file input-v3.cif (mmCIF, C-alpha atoms)
data_my_file
loop_
_atom_site.label_atom_id
_atom_site.label_comp_id
_atom_site.auth_asym_id
_atom_site.auth_seq_id
_atom_site.Cartn_x
_atom_site.Cartn_y
_atom_site.Cartn_z
CA MET D 28 -30.30 -61.66 34.80
CA ASN D 29 -27.00 -60.73 33.18
CA ILE D 30 -25.21 -60.93 36.54
CA LEU D 31 -26.65 -64.42 37.20
CA LEU D 32 -25.60 -65.68 33.78
CA GLU D 33 -22.09 -64.28 34.13
CA THR D 34 -21.79 -65.80 37.62
CA LEU D 35 -22.85 -69.25 36.37
CA ARG D 36 -20.32 -68.98 33.53
CA ASP D 37 -17.51 -68.00 35.90
CA PRO D 38 -14.93 -70.87 36.07
CA LEU D 39 -14.17 -70.18 39.74
CA TRP D 40 -17.83 -70.58 40.72
CA GLN D 41 -18.13 -73.73 38.66
CA VAL D 42 -15.09 -75.28 40.36
CA LEU D 43 -16.17 -74.33 43.89
CA GLY D 44 -19.78 -75.39 43.18
CA ALA D 45 -18.60 -78.76 41.95
CA ILE D 46 -16.49 -79.20 45.06
CA ILE D 47 -19.43 -78.43 47.34
CA VAL D 48 -21.73 -80.78 45.39
CA LEU D 49 -19.16 -83.55 45.65
CA VAL D 50 -18.28 -82.92 49.31
CA ALA D 51 -21.87 -82.57 50.55
CA PRO D 52 -22.80 -86.31 50.13
CA PHE D 53 -19.64 -87.40 51.95
CA LEU D 54 -20.41 -85.04 54.82
CA VAL D 55 -23.98 -86.34 55.02
CA MET D 56 -22.75 -89.91 55.03
CA ALA D 57 -20.15 -89.11 57.68
CA VAL D 58 -22.78 -87.51 59.91
CA ARG D 59 -25.24 -90.41 59.58
CA THR D 60 -22.58 -93.07 60.30
CA ARG D 61 -20.67 -91.11 62.93
CA ASP D 62 -22.56 -92.58 65.85
CA ALA D 63 -24.44 -95.84 65.39
CA ARG D 64 -26.21 -95.32 68.72
CA ALA D 65 -27.71 -91.96 67.64
CA SER D 66 -31.43 -91.94 67.00
CA GLU D 67 -32.89 -91.45 63.54
CA GLN D 68 -34.27 -88.05 64.50
CA GLN D 69 -30.84 -86.81 65.59
CA LYS D 70 -29.30 -88.07 62.37
CA ARG D 71 -31.92 -86.18 60.30
CA ARG D 72 -31.27 -83.01 62.29
CA GLU D 73 -27.51 -83.26 61.78
CA THR D 74 -28.02 -84.03 58.05
CA ARG D 75 -30.12 -80.86 57.67
CA GLY D 76 -27.37 -78.87 59.43
CA VAL D 77 -24.73 -80.14 57.01
CA LEU D 78 -26.94 -79.35 53.99
CA LEU D 79 -27.68 -75.85 55.33
CA VAL D 80 -23.97 -75.19 55.87
CA CYS D 81 -23.21 -76.35 52.32
CA LEU D 82 -26.04 -74.19 50.98
CA ALA D 83 -24.82 -71.18 52.96
CA VAL D 84 -21.29 -71.66 51.65
CA LEU D 85 -22.65 -71.92 48.11
CA LEU D 86 -24.67 -68.72 48.51
CA VAL D 87 -21.75 -66.80 50.02
CA MET D 88 -19.48 -68.00 47.26
CA SER D 89 -22.05 -67.08 44.62
CA GLY D 90 -22.42 -63.60 46.09
CA TRP D 91 -18.67 -63.10 46.17
CA VAL D 92 -18.28 -64.19 42.54
CA ALA D 93 -21.28 -62.10 41.45
CA SER D 94 -19.84 -59.00 43.12
CA GLY D 95 -16.83 -59.26 40.81
CA HIS D 96 -19.14 -58.95 37.82
CA LEU D 97 -21.03 -55.90 39.03
CA PRO D 98 -18.68 -53.26 37.47
CA HIS D 99 -19.01 -54.97 34.09
CA ALA D 100 -22.74 -55.47 34.28
CA ALA D 101 -23.64 -51.96 35.48
CA PRO D 102 -25.40 -50.12 32.68
CA ARG D 103 -23.63 -47.08 31.37
CA ARG D 104 -25.25 -43.86 32.39
CA VAL D 105 -26.09 -41.60 29.55
CA SER D 106 -25.74 -37.96 30.36
CA THR D 107 -29.06 -36.22 30.18
CA LEU D 108 -27.57 -32.76 30.45
CA PRO D 109 -28.55 -30.58 27.53
CA THR D 110 -25.86 -30.06 24.96
CA PRO D 111 -24.67 -26.46 25.26
CA ALA D 112 -25.48 -24.37 22.27
CA PRO D 113 -22.40 -23.28 20.31
CA THR D 114 -21.27 -19.85 21.29
CA PRO D 115 -21.62 -17.54 18.33
CA THR D 116 -18.33 -16.15 17.15
CA GLN D 117 -18.13 -12.51 17.97
CA THR D 118 -17.47 -10.52 14.87
CA SER D 119 -16.22 -7.02 14.91
CA ALA D 120 -18.57 -4.37 13.71
CA PRO D 121 -17.80 -3.21 10.18
CA LEU D 122 -15.61 -0.20 10.21
CA SER D 123 -17.24 2.79 8.71
CA THR D 124 -15.40 4.33 5.81
CA PRO D 125 -14.00 7.67 6.94
CA THR D 126 -15.56 10.56 5.17
CA PRO D 127 -12.94 12.90 3.75
CA ALA D 128 -13.03 16.41 5.07
CA PRO D 129 -14.73 18.70 2.60
CA THR D 130 -12.41 20.91 0.63
CA PRO D 131 -12.78 24.49 1.83
CA ARG D 132 -14.42 26.83 -0.63
CA LEU D 133 -12.00 29.68 -1.14
CA ALA D 134 -12.88 33.11 -2.41
CA ARG D 135 -10.11 33.13 -5.04
CA SER D 136 -7.97 30.60 -6.86
CA ILE D 137 -4.18 30.46 -6.97
CA THR D 138 -4.21 31.95 -10.47
CA GLN D 139 -6.33 34.89 -9.33
CA VAL D 140 -3.90 35.63 -6.49
CA LEU D 141 -0.90 35.59 -8.85
CA VAL D 142 -2.70 37.77 -11.39
CA THR D 143 -3.53 40.29 -8.65
CA PHE D 144 0.10 40.31 -7.50
CA CYS D 145 1.44 40.66 -11.05
CA GLU D 146 -0.92 43.55 -11.91
CA ALA D 147 0.02 45.29 -8.65
CA ILE D 148 3.73 45.14 -9.63
CA ASN D 149 2.89 46.52 -13.09
CA HIS D 150 0.97 49.44 -11.53
CA GLN D 151 3.58 49.93 -8.81
CA ASP D 152 0.81 49.26 -6.25
CA TYR D 153 3.21 47.64 -3.85
CA GLN D 154 0.81 47.66 -0.90
CA THR D 155 -1.63 45.45 -2.82
CA ALA D 156 1.22 43.13 -3.79
CA TRP D 157 2.35 43.04 -0.14
CA ASN D 158 -1.18 42.10 0.97
CA GLU D 159 -0.96 38.96 -1.16
CA TYR D 160 1.85 37.69 1.07
CA ALA D 161 0.97 35.34 3.94
CA ARG D 162 1.76 36.65 7.41
CA SER D 163 4.55 34.13 7.80
CA LEU D 164 6.26 35.54 4.72
CA GLN D 165 5.64 39.13 5.79
CA HIS D 166 7.36 38.39 9.10
CA LYS D 167 10.31 36.85 7.27
CA HIS D 168 11.25 39.98 5.31
CA PRO D 169 10.71 43.64 6.23
CA GLN D 170 8.23 45.37 3.91
CA ARG D 171 10.58 48.25 3.00
CA ASN D 172 13.29 45.82 1.83
CA VAL D 173 10.79 43.87 -0.24
CA VAL D 174 9.36 46.98 -1.87
CA ALA D 175 12.91 48.20 -2.66
CA ALA D 176 13.55 44.90 -4.49
CA TRP D 177 10.24 45.18 -6.37
CA ARG D 178 11.13 48.65 -7.67
CA ARG D 179 13.84 47.11 -9.83
CA PHE D 180 11.20 45.38 -11.95
CA ILE D 181 9.48 47.24 -14.76
CA ARG D 182 7.07 44.53 -15.78
CA CYS D 183 5.38 41.33 -14.52
CA SER D 184 3.77 38.73 -16.77
CA ILE D 185 2.41 35.21 -16.63
CA PRO D 186 4.42 32.97 -19.00
CA ASP D 187 2.75 30.77 -21.58
CA GLN D 188 1.84 27.64 -19.66
CA SER D 189 0.40 25.60 -22.51
CA ALA D 190 3.66 23.66 -22.86
CA ASP D 191 3.98 23.05 -19.11
CA PRO D 192 0.62 22.94 -17.28
CA SER D 193 2.47 22.31 -13.99
CA ALA D 194 4.02 25.81 -14.18
CA LEU D 195 0.85 27.51 -12.90
CA ASP D 196 2.83 28.97 -10.01
CA THR D 197 5.41 30.79 -12.18
CA LEU D 198 5.64 34.51 -12.91
CA THR D 199 8.13 36.34 -15.12
CA LEU D 200 9.50 39.60 -13.70
CA THR D 201 11.53 41.87 -15.98
CA LEU D 202 14.47 43.77 -14.49
CA GLY D 203 14.89 47.43 -15.44
CA SER D 204 17.88 48.74 -17.34
CA GLY D 205 21.08 48.47 -15.34
CA TYR D 206 19.79 45.85 -12.90
CA THR D 207 20.93 42.25 -12.69
CA ASP D 208 20.17 39.36 -10.34
CA ARG D 209 22.76 37.74 -8.11
CA PHE D 210 23.77 35.45 -10.95
CA GLY D 211 24.39 38.40 -13.26
CA ARG D 212 21.29 37.83 -15.37
CA SER D 213 19.22 40.72 -16.67
CA GLY D 214 15.89 41.08 -18.40
CA ASP D 215 13.21 38.46 -17.83
CA ILE D 216 13.66 36.34 -14.69
CA ASN D 217 11.28 33.50 -13.79
CA TYR D 218 10.17 33.08 -10.18
CA ARG D 219 8.22 30.26 -8.61
CA PHE D 220 5.59 31.17 -6.03
CA THR D 221 4.63 28.77 -3.25
CA MET D 222 1.00 29.05 -2.20
CA GLY D 223 -0.80 28.25 1.05
CA ILE D 224 -4.20 28.77 2.68
CA GLU D 225 -4.51 31.44 5.34
CA GLN D 226 -7.87 32.47 6.83
CA GLN D 227 -9.77 30.58 4.11
CA ALA D 228 -7.88 32.34 1.29
CA TRP D 229 -4.87 31.58 -0.85
CA ARG D 230 -1.72 33.53 0.04
CA ILE D 231 1.88 33.60 -1.18
CA THR D 232 4.03 31.73 1.37
CA GLY D 233 7.36 31.72 -0.49
CA VAL D 234 9.17 32.83 -3.65
CA CYS D 235 12.31 31.37 -5.23
CA GLU D 236 14.30 32.23 -8.36
CA ILE D 237 14.26 29.57 -11.07
CA TYR D 238 17.67 28.67 -12.41
CA SER D 239 19.01 25.75 -14.45
CA GLU D 240 20.36 24.19 -11.25
CA GLY D 241 17.12 24.54 -9.35
CA CYS D 242 15.06 27.16 -7.50
CA PHE D 243 16.99 29.40 -5.09
CA ASP D 244 15.75 31.54 -2.21
CA ILE D 245 15.67 35.29 -2.66
CA THR D 246 15.86 38.20 -0.25
CA TRP D 247 12.31 39.36 -0.89
CA GLY D 248 10.55 36.01 -0.85
#
call {"tool": "encode", "arguments": {"input": "input-v3.cif", "output": "structure tokens"}}
result
Amino acid sequence: MNILLETLRDPLWQVLGAIIVLVAPFLVMAVRTRDARASEQQKRRETRGVLLVCLAVLLVMSGWVASGHLPHAAPRRVSTLPTPAPTPTQTSAPLSTPTPAPTPRLARSITQVLVTFCEAINHQDYQTAWNEYARSLQHKHPQRNVVAAWRRFIRCSIPDQSADPSALDTLTLTLGSGYTDRFGRSGDINYRFTMGIEQQAWRITGVCEIYSEGCFDITWG
């Protein structure tokens, strides 16, 4: 119905249709008066032919005009395909919080190791003091040279650490009469002991001599 209405409203069809309507009577009249000697039956037959030709032209013209309206009149196809479901955003799995490695349970504390070392020096039990050294430190200095250096000390003590809690790794070794360190000092000398874990136990890994300028390496530590 929409195509028919659009065709009838088309100006081109209206012009051509009007021309055919106006021309058809003249053609019929021309056919009927063409030959005065023709019979009435022949005239009717020729009149029908003219009318059929005009009708055929009108139909062809109408079809041609209507075909130009087909693209506009065709209903729009609505897609019936299902709407795809939204793809869920992939989220990374929550990272598990790393569990810290448990602190190893050691047989003795740093303080106990230093106390054992200090008491061994006081009792001249140099083998016990040597056993408190880590293997890396034992390989650094020959045992006989270390023991010879220890023999110069007559006493070992742990200084009062109440004023400096960070000085838990400090021991005071007292030089015997007639002995001095490389800086010419005598009497009480403070040494700092570096500690490390070896075979699940604290061991002495280094010793340095405390001076106002810093802590300096020594020949026995």
call {"tool": "resolve_selection", "arguments": {"input": "input-v3.cif", "expression": "the PyMOL selection byres ((chain D and resi 181-185) around 6)", "output": "ChimeraX atom specification"}}
result
/D:145,149,180,186,198-201,203
call {"tool": "resolve_selection", "arguments": {"input": "input-v3.cif", "expression": "the PyMOL selection byres ((chain D and resi 159-173) around 6)", "output": "PyMOL selection string"}}
result
chain D and resi 156-158+174-176+230-232+247
call {"tool": "write_last_selection", "arguments": {"input": "input-v3.cif", "atoms": "C-alpha atoms", "output": "tab-separated table (two decimals), keeping the file's coordinate frame"}}
result
chain	number	residue	atom	x	y	z
D	156	ALA	CA	1.22	43.13	-3.79
D	157	TRP	CA	2.35	43.04	-0.14
D	158	ASN	CA	-1.18	42.10	0.97
D	174	VAL	CA	9.36	46.98	-1.87
D	175	ALA	CA	12.91	48.20	-2.66
D	176	ALA	CA	13.55	44.90	-4.49
D	230	ARG	CA	-1.72	33.53	0.04
D	231	ILE	CA	1.88	33.60	-1.18
D	232	THR	CA	4.03	31.73	1.37
D	247	TRP	CA	12.31	39.36	-0.89
call {"tool": "atom_distance", "arguments": {"input": "input-v3.cif", "atom1": "CA of Leu79 (chain D)", "atom2": "CA of Arg59 (chain D)"}}
result
15.4 Å
call {"tool": "resolve_selection", "arguments": {"input": "input-v3.cif", "expression": "the PyMOL selection byres ((chain D and resi 134) around 9)", "output": "PyMOL selection string"}}
result
chain D and resi 132-133+135-136+227-229
call {"tool": "write_last_selection", "arguments": {"input": "input-v3.cif", "atoms": "C-alpha atoms", "output": "CSV table (one decimal), keeping the file's coordinate frame"}}
result
chain,number,residue,atom,x,y,z
D,132,ARG,CA,-14.4,26.8,-0.6
D,133,LEU,CA,-12.0,29.7,-1.1
D,135,ARG,CA,-10.1,33.1,-5.0
D,136,SER,CA,-8.0,30.6,-6.9
D,227,GLN,CA,-9.8,30.6,4.1
D,228,ALA,CA,-7.9,32.3,1.3
D,229,TRP,CA,-4.9,31.6,-0.8
call {"tool": "closest_residue", "arguments": {"input": "input-v3.cif", "among": "D:Gly223, D:Pro38, D:Gly90, D:Gly76", "to": "Asp196 (chain D)", "atoms": "only C-alpha atoms"}}
result
D:Gly223
call {"tool": "atom_distance", "arguments": {"input": "input-v3.cif", "atom1": "CA of Thr143 (chain D)", "atom2": "CA of Glu236 (chain D)"}}
result
19.6 Å
call {"tool": "closest_residue", "arguments": {"input": "input-v3.cif", "among": "D:Val50, D:Asn217, D:Arg178, D:Val84", "to": "Ala147 (chain D)", "atoms": "only C-alpha atoms"}}
result
D:Arg178
call {"tool": "atom_distance", "arguments": {"input": "input-v3.cif", "atom1": "CA of Asp215 (chain D)", "atom2": "CA of Ile237 (chain D)"}}
result
11.2 Å
call {"tool": "closest_residue", "arguments": {"input": "input-v3.cif", "among": "D:Thr197, D:Gln139, D:Ser213, D:Thr207", "to": "Val234 (chain D)", "atoms": "only C-alpha atoms"}}
result
D:Thr197
